[in-house]
Amino acid sequence: MTELDRPGLSRRRSLAAMAALGAAATLGLAGCAGGEAAPDSTFVLLDGSKATTADLKGKVTLVNFWATTCVSCVKEMPQIVATWHKYQGQGFDTVAVAMEYDPPNWVLNFAQSRQLPFKVALDNTGEVARQWGDVKLTPTTYLVDKQGRIVKRYVGEPDFAALHQLIEKLLAQT
């Protein structure tokens, strides 16, 4: 009996193949970003100053897209703070980029009330999110190496133990 003789078999295989491709694409979102250069971006910080992607070179940097209304973002923020405290003296930095729809006064209140020790940027126009791969889902976090290349992209909360291992590896590189 051939596939043509068995109704639905070919369709089921096609659906299974599409599901496998979808799963692979989803997993790819959280996987390596292929060492591509971080996009040229200007971050407008809460105090009105600016930082650029070029300013990140020479440090291992976590760029976290988040929102005050995102439950997962709020949940992971203490671990991002702890990560910054653990590695900031070794050449590590963090930029938390608030999404375009996040009211600036909410972001400021969040950053002040939780004493966020790292750079917090407002992406009022959504331009920075577009530059970094048209980020829509929060949290989305990028790990950038000292040369300014994206090493890893996380959609959702990262496994912080694995993230710390990767940060340590990148900090050890020259």
# chains A, B, ... in the order shown; residues from 1 in each chain; ligands from 1

$ residues_around --residues "Val81 in chain A" --least-positions-apart "5" --cutoff "10 Å" --atoms "only C-alpha atoms" --output "PDB file with all heavy atoms, in the first residue's frame"
ATOM      1  N   GLU A  76      11.603  38.453  37.100  1.00  0.00           N
ATOM      2  CA  GLU A  76      13.023  38.191  36.843  1.00  0.00           C
ATOM      3  C   GLU A  76      13.929  39.361  37.236  1.00  0.00           C
ATOM      4  O   GLU A  76      15.135  39.181  37.364  1.00  0.00           O
ATOM      5  CB  GLU A  76      13.258  37.829  35.379  1.00  0.00           C
ATOM      6  CG  GLU A  76      13.261  39.005  34.431  1.00  0.00           C
ATOM      7  CD  GLU A  76      13.656  38.674  33.009  1.00  0.00           C
ATOM      8  OE1 GLU A  76      13.871  37.501  32.677  1.00  0.00           O
ATOM      9  OE2 GLU A  76      13.748  39.627  32.223  1.00  0.00           O
ATOM     10  N   LYS A  86      26.776  40.821  40.904  1.00  0.00           N
ATOM     11  CA  LYS A  86      27.778  39.759  40.931  1.00  0.00           C
ATOM     12  C   LYS A  86      28.932  40.023  39.963  1.00  0.00           C
ATOM     13  O   LYS A  86      30.087  39.727  40.276  1.00  0.00           O
ATOM     14  CB  LYS A  86      27.105  38.420  40.591  1.00  0.00           C
ATOM     15  CG  LYS A  86      28.030  37.222  40.662  1.00  0.00           C
ATOM     16  CD  LYS A  86      27.276  35.921  40.474  1.00  0.00           C
ATOM     17  CE  LYS A  86      28.200  34.739  40.648  1.00  0.00           C
ATOM     18  NZ  LYS A  86      27.487  33.465  40.573  1.00  0.00           N
ATOM     19  N   THR A  94      24.590  46.158  32.291  1.00  0.00           N
ATOM     20  CA  THR A  94      23.204  45.834  31.955  1.00  0.00           C
ATOM     21  C   THR A  94      22.502  47.103  31.494  1.00  0.00           C
ATOM     22  O   THR A  94      22.710  48.169  32.070  1.00  0.00           O
ATOM     23  CB  THR A  94      22.468  45.258  33.184  1.00  0.00           C
ATOM     24  OG1 THR A  94      23.127  44.057  33.592  1.00  0.00           O
ATOM     25  CG2 THR A  94      21.009  44.951  32.879  1.00  0.00           C
ATOM     26  N   ARG A 114      12.683  50.097  43.239  1.00  0.00           N
ATOM     27  CA  ARG A 114      13.451  48.849  43.329  1.00  0.00           C
ATOM     28  C   ARG A 114      14.952  49.085  43.270  1.00  0.00           C
ATOM     29  O   ARG A 114      15.728  48.153  43.212  1.00  0.00           O
ATOM     30  CB  ARG A 114      13.002  47.887  42.246  1.00  0.00           C
ATOM     31  CG  ARG A 114      11.611  47.334  42.592  1.00  0.00           C
ATOM     32  CD  ARG A 114      10.949  46.706  41.417  1.00  0.00           C
ATOM     33  NE  ARG A 114       9.650  46.158  41.733  1.00  0.00           N
ATOM     34  CZ  ARG A 114       8.517  46.838  41.772  1.00  0.00           C
ATOM     35  NH1 ARG A 114       8.519  48.147  41.575  1.00  0.00           N
ATOM     36  NH2 ARG A 114       7.366  46.256  42.028  1.00  0.00           N
ATOM     37  N   GLN A 115      15.329  50.353  43.247  1.00  0.00           N
ATOM     38  CA  GLN A 115      16.737  50.745  43.233  1.00  0.00           C
ATOM     39  C   GLN A 115      17.540  49.991  42.178  1.00  0.00           C
ATOM     40  O   GLN A 115      18.572  49.386  42.483  1.00  0.00           O
ATOM     41  CB  GLN A 115      17.343  50.578  44.621  1.00  0.00           C
ATOM     42  CG  GLN A 115      16.637  51.421  45.665  1.00  0.00           C
ATOM     43  CD  GLN A 115      17.191  51.227  47.064  1.00  0.00           C
ATOM     44  OE1 GLN A 115      17.828  50.229  47.373  1.00  0.00           O
ATOM     45  NE2 GLN A 115      16.931  52.197  47.927  1.00  0.00           N
ATOM     46  N   LEU A 116      17.050  50.025  40.934  1.00  0.00           N
ATOM     47  CA  LEU A 116      17.774  49.354  39.850  1.00  0.00           C
ATOM     48  C   LEU A 116      19.129  50.030  39.685  1.00  0.00           C
ATOM     49  O   LEU A 116      19.203  51.242  39.483  1.00  0.00           O
ATOM     50  CB  LEU A 116      16.976  49.407  38.546  1.00  0.00           C
ATOM     51  CG  LEU A 116      15.605  48.724  38.575  1.00  0.00           C
ATOM     52  CD1 LEU A 116      14.950  48.755  37.194  1.00  0.00           C
ATOM     53  CD2 LEU A 116      15.688  47.289  39.094  1.00  0.00           C
ATOM     54  N   PRO A 117      20.215  49.270  39.806  1.00  0.00           N
ATOM     55  CA  PRO A 117      21.550  49.867  39.834  1.00  0.00           C
ATOM     56  C   PRO A 117      22.176  50.083  38.458  1.00  0.00           C
ATOM     57  O   PRO A 117      23.253  50.664  38.355  1.00  0.00           O
ATOM     58  CB  PRO A 117      22.354  48.823  40.620  1.00  0.00           C
ATOM     59  CG  PRO A 117      21.713  47.522  40.248  1.00  0.00           C
ATOM     60  CD  PRO A 117      20.239  47.843  40.108  1.00  0.00           C
ATOM     61  N   PHE A 118      21.529  49.608  37.417  1.00  0.00           N
ATOM     62  CA  PHE A 118      22.100  49.668  36.074  1.00  0.00           C
ATOM     63  C   PHE A 118      21.329  50.666  35.211  1.00  0.00           C
ATOM     64  O   PHE A 118      20.369  51.286  35.661  1.00  0.00           O
ATOM     65  CB  PHE A 118      22.086  48.272  35.435  1.00  0.00           C
ATOM     66  CG  PHE A 118      20.831  47.482  35.716  1.00  0.00           C
ATOM     67  CD1 PHE A 118      19.628  47.800  35.099  1.00  0.00           C
ATOM     68  CD2 PHE A 118      20.859  46.433  36.620  1.00  0.00           C
ATOM     69  CE1 PHE A 118      18.478  47.079  35.368  1.00  0.00           C
ATOM     70  CE2 PHE A 118      19.708  45.705  36.908  1.00  0.00           C
ATOM     71  CZ  PHE A 118      18.521  46.024  36.268  1.00  0.00           C
TER      72      PHE A 118
END

$ residues_around --residues "range 124-131 of chain A" --least-positions-apart "4" --cutoff "10 Å" --atoms "only C-alpha atoms" --output "ChimeraX atom specification"
/A:38-44,65,97-104,135-136,140

$ select_by_dssp --residues "chain A" --states "strand (DSSP E)" --output "PyMOL selection string"
chain A and resi 42-45+50-52+60-66+92-98+119-122+140-144+150-155

$ residues_around --residues "Gly58 in chain A" --least-positions-apart "3" --cutoff "8 Å" --atoms "only C-alpha atoms" --output "ChimeraX atom specification"
/A:91,145-148

$ select_by_dssp --residues "range 21-99 of chain A" --states "helix (DSSP H, G or I)" --output "MDAnalysis selection string"
chainID A and resid 21:30 53:56 71:90

$ write_last_selection --atoms "C-alpha atoms" --output "PDB file, in the first residue's frame"
ATOM      1  CA  LEU A  21       9.447  23.241  11.955  1.00  0.00           C
ATOM      2  CA  GLY A  22       7.372  25.432  14.264  1.00  0.00           C
ATOM      3  CA  ALA A  23       8.969  23.889  17.336  1.00  0.00           C
ATOM      4  CA  ALA A  24      12.427  24.352  15.844  1.00  0.00           C
ATOM      5  CA  ALA A  25      11.667  27.996  15.060  1.00  0.00           C
ATOM      6  CA  THR A  26      10.399  28.568  18.596  1.00  0.00           C
ATOM      7  CA  LEU A  27      13.477  26.968  20.111  1.00  0.00           C
ATOM      8  CA  GLY A  28      15.612  29.075  17.807  1.00  0.00           C
ATOM      9  CA  LEU A  29      14.229  32.223  19.429  1.00  0.00           C
ATOM     10  CA  ALA A  30      15.887  31.271  22.672  1.00  0.00           C
ATOM     11  CA  THR A  53      25.761  50.331  21.353  1.00  0.00           C
ATOM     12  CA  ALA A  54      29.327  51.499  20.720  1.00  0.00           C
ATOM     13  CA  ASP A  55      29.554  52.347  24.442  1.00  0.00           C
ATOM     14  CA  LEU A  56      28.938  48.665  25.228  1.00  0.00           C
ATOM     15  CA  VAL A  71       4.613  39.739  35.188  1.00  0.00           C
ATOM     16  CA  SER A  72       7.627  37.684  34.035  1.00  0.00           C
ATOM     17  CA  CYS A  73       9.710  40.849  33.671  1.00  0.00           C
ATOM     18  CA  VAL A  74       8.919  41.985  37.201  1.00  0.00           C
ATOM     19  CA  LYS A  75       9.595  38.467  38.508  1.00  0.00           C
ATOM     20  CA  GLU A  76      13.023  38.191  36.843  1.00  0.00           C
ATOM     21  CA  MET A  77      14.209  41.730  37.679  1.00  0.00           C
ATOM     22  CA  PRO A  78      15.658  40.832  41.127  1.00  0.00           C
ATOM     23  CA  GLN A  79      17.778  38.150  39.438  1.00  0.00           C
ATOM     24  CA  ILE A  80      18.951  40.643  36.814  1.00  0.00           C
ATOM     25  CA  VAL A  81      19.903  43.013  39.646  1.00  0.00           C
ATOM     26  CA  ALA A  82      21.744  40.186  41.441  1.00  0.00           C
ATOM     27  CA  THR A  83      23.542  39.273  38.197  1.00  0.00           C
ATOM     28  CA  TRP A  84      24.637  42.890  37.735  1.00  0.00           C
ATOM     29  CA  HIS A  85      25.914  43.050  41.333  1.00  0.00           C
ATOM     30  CA  LYS A  86      27.778  39.759  40.931  1.00  0.00           C
ATOM     31  CA  TYR A  87      29.642  40.709  37.734  1.00  0.00           C
ATOM     32  CA  GLN A  88      29.661  44.515  37.381  1.00  0.00           C
ATOM     33  CA  GLY A  89      33.133  44.821  38.890  1.00  0.00           C
ATOM     34  CA  GLN A  90      34.497  42.398  36.283  1.00  0.00           C
TER      35      GLN A  90
END

$ residues_around --residues "Leu166 in chain A" --least-positions-apart "3" --cutoff "12 Å" --atoms "only C-alpha atoms" --output "ChimeraX atom specification"
/A:32,60-62,83,87,92,143-145,151-152,158-163,169-173

$ closest_residue --among "A:Lys59, A:Asp47, A:Phe110, A:Asn64" --to "Glu168 in chain A" --atoms "only C-alpha atoms"
A:Lys59

$ closest_residue --among "A:Arg153, A:His164, A:Ala67, A:Pro139" --to "Leu122 in chain A" --atoms "only C-alpha atoms"
A:Ala67

$ closest_residue --among "A:Ala111, A:Ile150, A:Trp66, A:Thr174" --to "Gly133 in chain A" --atoms "only C-alpha atoms"
A:Ile150

$ atom_distance --atom1 "CA of Thr138 in chain A" --atom2 "CA of Val155 in chain A"
7.1 Å
